[in-house]
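Below is one structure, written out as structure tokens, with a few remarks after it.
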Amino acid sequence: MTLKGKTAVITGSNSGIGLGIATEMAIAGANIILNSFSDSQEDHDLAEKLAKEHGVEVRYIQADMSKGDQCRALIEQAGRCDILVNNAGIQHVAAIDEFPVEKWDAIIAINMNSAFHTTAAALPIMRKAGWGRVINIASAHGLRASPFKSAYVAAKHGLVGMTKVVALETARDPITANAICPGYVLTPLVEAQIPDTMKKYDMDRETVIRDVLLERQPSKEFATTEQLGGVVQFLCSSAADQITGTTISVDGGWTAM
Ligand code: NAD
């Protein structure tokens, strides 16, 4: 499959899953818009490296996904947006009665509201181009709950719900909207949870990974960013033309339980 001539906008893509998806999209020949809230030399170097390695156009556009106007500006600045991957996300873990209000607001804004703004800005561009894919990176936590992750679970369930609505509103257009629901993937977002968990349960790193993080992932293996990029590629293929409004779990069996 080739995505030559298509432009993929991937939010939160200077690290982790977003960068993994951007790389797989570039391998498939798509031009890429990388994004995060920072604007460092490293961010622009990353774009240059990806472009050189895969012979595609890559631009880094700084935009803070916690701000609605910047989400919309990202799509406007991209100019083209055939494939929109709403990936930016953050996590905070605390009991609901102790959950800091600013963390709640930031998680809901970045993990859910940003997809509303980018999708609203991208759909007219996709309709004009006559083809489009909206792919939301939700989570197993878009389908299941865990204690101490109220904002994250709420945002990801909301994102799954929004995906279904976008699918219905675009059902007669050559556009699909789906959510990918990963289980645990070893990225900086997950890495950051390990030290606190080690301390909390007085466990070593390996035990935390096996017995805490992967407790609900029956395969006992992390999903990889390459695998998630492969699923995005599949959703961009013609085999997926009639797949819309659904979730694809990449979770080693978590949500089968
Ligand atoms: P990560 O921390 O490696 O990456 C998050 C990305 O979002 C980074 O590029 C970061 O710069 C960006 N970002 C954060 N705040 C932003 C903002 N305000 N504006 C723009 N960009 C911002 O984490 P990850 O694990 O790669 O997570 C990516 C997505 O995958 C998230 O939505 C996360 O919820 C989801 N997810 C991750 C896992 C996992 O196990 N890692 C599992 C399920 C779902």
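Letters A, B, ... go to the chains of the structure tokens in the order shown; residues in each chain start at 1; ligands are counted from 1 in the same order.
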- Which residues come within 10 Å of Pro195 in chain A, counting only C-alpha atoms, excluding same-chain residues fewer than 3 positions away, as a PyMOL selection string? chain A and resi 191-192+198-200+203-205+208
Can you spit out the residues from that selection as a compact mmCIF listing (two decimals), in the first residue's frame, using C-alpha atoms?
```txt
# COMPACT_ATOMS: atom_id res chain seq x y z
CA GLU A 191 7.87 4.84 31.79
CA ALA A 192 6.94 7.83 34.00
CA MET A 198 7.97 0.80 42.49
CA LYS A 199 7.94 3.01 45.56
CA LYS A 200 4.24 2.50 46.32
CA MET A 203 8.74 -3.69 44.07
CA ASP A 204 11.59 -3.81 41.58
CA ARG A 205 11.12 -2.61 38.00
CA VAL A 208 6.09 -3.66 38.49
```
- Please, which residues of range 34-238 of chain A, numbered as in this document, come out helix (DSSP H, G or I) from DSSP, as a PyMOL selection string? chain A and resi 41-54+68-78+96-98+101-129+140-142+150-169+188-191+194-201+205-216+225-235+238
- Task: Enumerate residues in contact with ligand 1: an atom-to-atom distance of at most 8 Å, counting only C-alpha atoms and all ligand atoms. Format the result as a VMD selection string.
- Result: chain A and resid 11 to 19 35 to 38 62 to 67 86 to 91 106 110 to 111 137 to 141 152 156 181 to 190 222 to 223 225
- Message: Between A:Gly20, A:Gly5, A:Pro147, A:Gly245, which residue has the minimum interatomic distance to Ala179 in chain A, considering only C-alpha atoms?
- Response: A:Gly245
- Got a sec to tell me which of range 20-141 of chain A DSSP assigns to strand (DSSP E or B), as a ChimeraX atom specification? /A:31-36,58-62,83-86,132-137
Preceding selection exported with N, CA and C atoms as a short mmCIF file (atom, residue, chain, number, x, y, z; two decimals), in the first residue's frame:
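The result, stored in out.cif:
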```cif
data_model
loop_
_atom_site.label_atom_id
_atom_site.label_comp_id
_atom_site.auth_asym_id
_atom_site.auth_seq_id
_atom_site.Cartn_x
_atom_site.Cartn_y
_atom_site.Cartn_z
N ASN A 31 3.29 12.28 3.30
CA ASN A 31 3.93 13.46 3.86
C ASN A 31 3.39 13.64 5.28
N ILE A 32 4.25 14.17 6.15
CA ILE A 32 3.92 14.13 7.58
C ILE A 32 3.93 15.53 8.19
N ILE A 33 2.96 15.79 9.05
CA ILE A 33 3.02 16.95 9.93
C ILE A 33 3.22 16.42 11.35
N LEU A 34 4.40 16.72 11.90
CA LEU A 34 4.68 16.39 13.30
C LEU A 34 4.20 17.55 14.17
N ASN A 35 3.83 17.24 15.40
CA ASN A 35 3.35 18.30 16.29
C ASN A 35 3.65 18.00 17.76
N SER A 36 3.91 19.05 18.49
CA SER A 36 3.80 19.04 19.95
C SER A 36 3.68 20.49 20.41
N VAL A 58 8.31 16.42 5.51
CA VAL A 58 7.92 16.40 6.93
C VAL A 58 8.07 17.81 7.48
N ARG A 59 6.99 18.30 8.08
CA ARG A 59 7.05 19.62 8.73
C ARG A 59 6.68 19.46 10.20
N TYR A 60 7.38 20.20 11.04
CA TYR A 60 7.01 20.23 12.47
C TYR A 60 6.23 21.51 12.71
N ILE A 61 5.02 21.38 13.23
CA ILE A 61 4.22 22.57 13.57
C ILE A 61 3.92 22.56 15.06
N GLN A 62 4.39 23.64 15.73
CA GLN A 62 4.14 23.75 17.16
C GLN A 62 2.70 24.19 17.39
N ILE A 83 -5.15 12.45 6.40
CA ILE A 83 -5.19 11.51 7.53
C ILE A 83 -4.95 12.32 8.79
N LEU A 84 -5.92 12.28 9.70
CA LEU A 84 -5.77 12.98 10.98
C LEU A 84 -5.65 11.94 12.07
N VAL A 85 -4.53 11.94 12.76
CA VAL A 85 -4.35 11.01 13.88
C VAL A 85 -4.33 11.84 15.17
N ASN A 86 -5.40 11.73 15.94
CA ASN A 86 -5.47 12.44 17.21
C ASN A 86 -4.82 11.58 18.27
N GLY A 132 -10.73 10.79 3.24
CA GLY A 132 -10.18 11.16 4.55
C GLY A 132 -10.25 10.05 5.57
N ARG A 133 -9.37 10.12 6.52
CA ARG A 133 -9.33 9.17 7.63
C ARG A 133 -9.13 9.94 8.93
N VAL A 134 -10.05 9.73 9.88
CA VAL A 134 -9.87 10.26 11.23
C VAL A 134 -9.57 9.07 12.12
N ILE A 135 -8.43 9.09 12.75
CA ILE A 135 -8.00 7.95 13.58
C ILE A 135 -7.65 8.49 14.97
N ASN A 136 -8.45 8.08 15.94
CA ASN A 136 -8.25 8.58 17.30
C ASN A 136 -7.54 7.53 18.14
N ILE A 137 -6.46 7.94 18.75
CA ILE A 137 -5.74 7.01 19.62
C ILE A 137 -6.39 7.10 21.01
#
```
- Message: Please list as a list of chain:residue names every residue within 10 Å of Leu123 in chain A, counting only C-alpha atoms and excluding residues in the same chain fewer than 4 positions away.
- Response: A:Cys81, A:Asp82, A:Leu84, A:Thr118, A:Thr119, A:Arg127, A:Lys128, A:Ala129, A:Trp131, A:Gly132, A:Arg133, A:Val134, A:Val166, A:Thr170, A:Asp173, A:Ile175
- Length of the CA of Gly158 in chain A to CA of Ser238 in chain A vector [Å]: 27.4 Å
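The spacing separating CA of Pro124 in chain A from CA of Asp241 in chain A amounts to 18.8 Å.
Nearest-residue note for Ile125 in chain A: choosing from A:Phe99, A:Met25, A:Phe148, A:Thr7, the minimum distance belongs to A:Thr7, counting only C-alpha atoms.
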- Item | Among listed residues A:Ile108, A:Ile75, A:Leu50, A:Gly130, nearest Arg172 in chain A (using only C-alpha atoms) | A:Gly130
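Using only C-alpha atoms, the smallest distance between any of A:Thr23, A:Thr197, A:Thr176, A:Gln77 and Lys52 in chain A comes from A:Thr23.
If you measure from each of A:Ala240, A:Ala30, A:Leu143, A:Ala122 to Val160 in chain A using only C-alpha atoms, the closest one turns out to be A:Leu143.
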- Task: Compare A:Cys236, A:Ala167, A:Ala47, A:Val93 by their minimum atom-to-atom distance to Lys4 in chain A, counting only C-alpha atoms, and give me the closest one.
- Result: A:Cys236
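Interatomic distance, CA of Val153 in chain A to CA of Ile96 in chain A: 11.7 Å.
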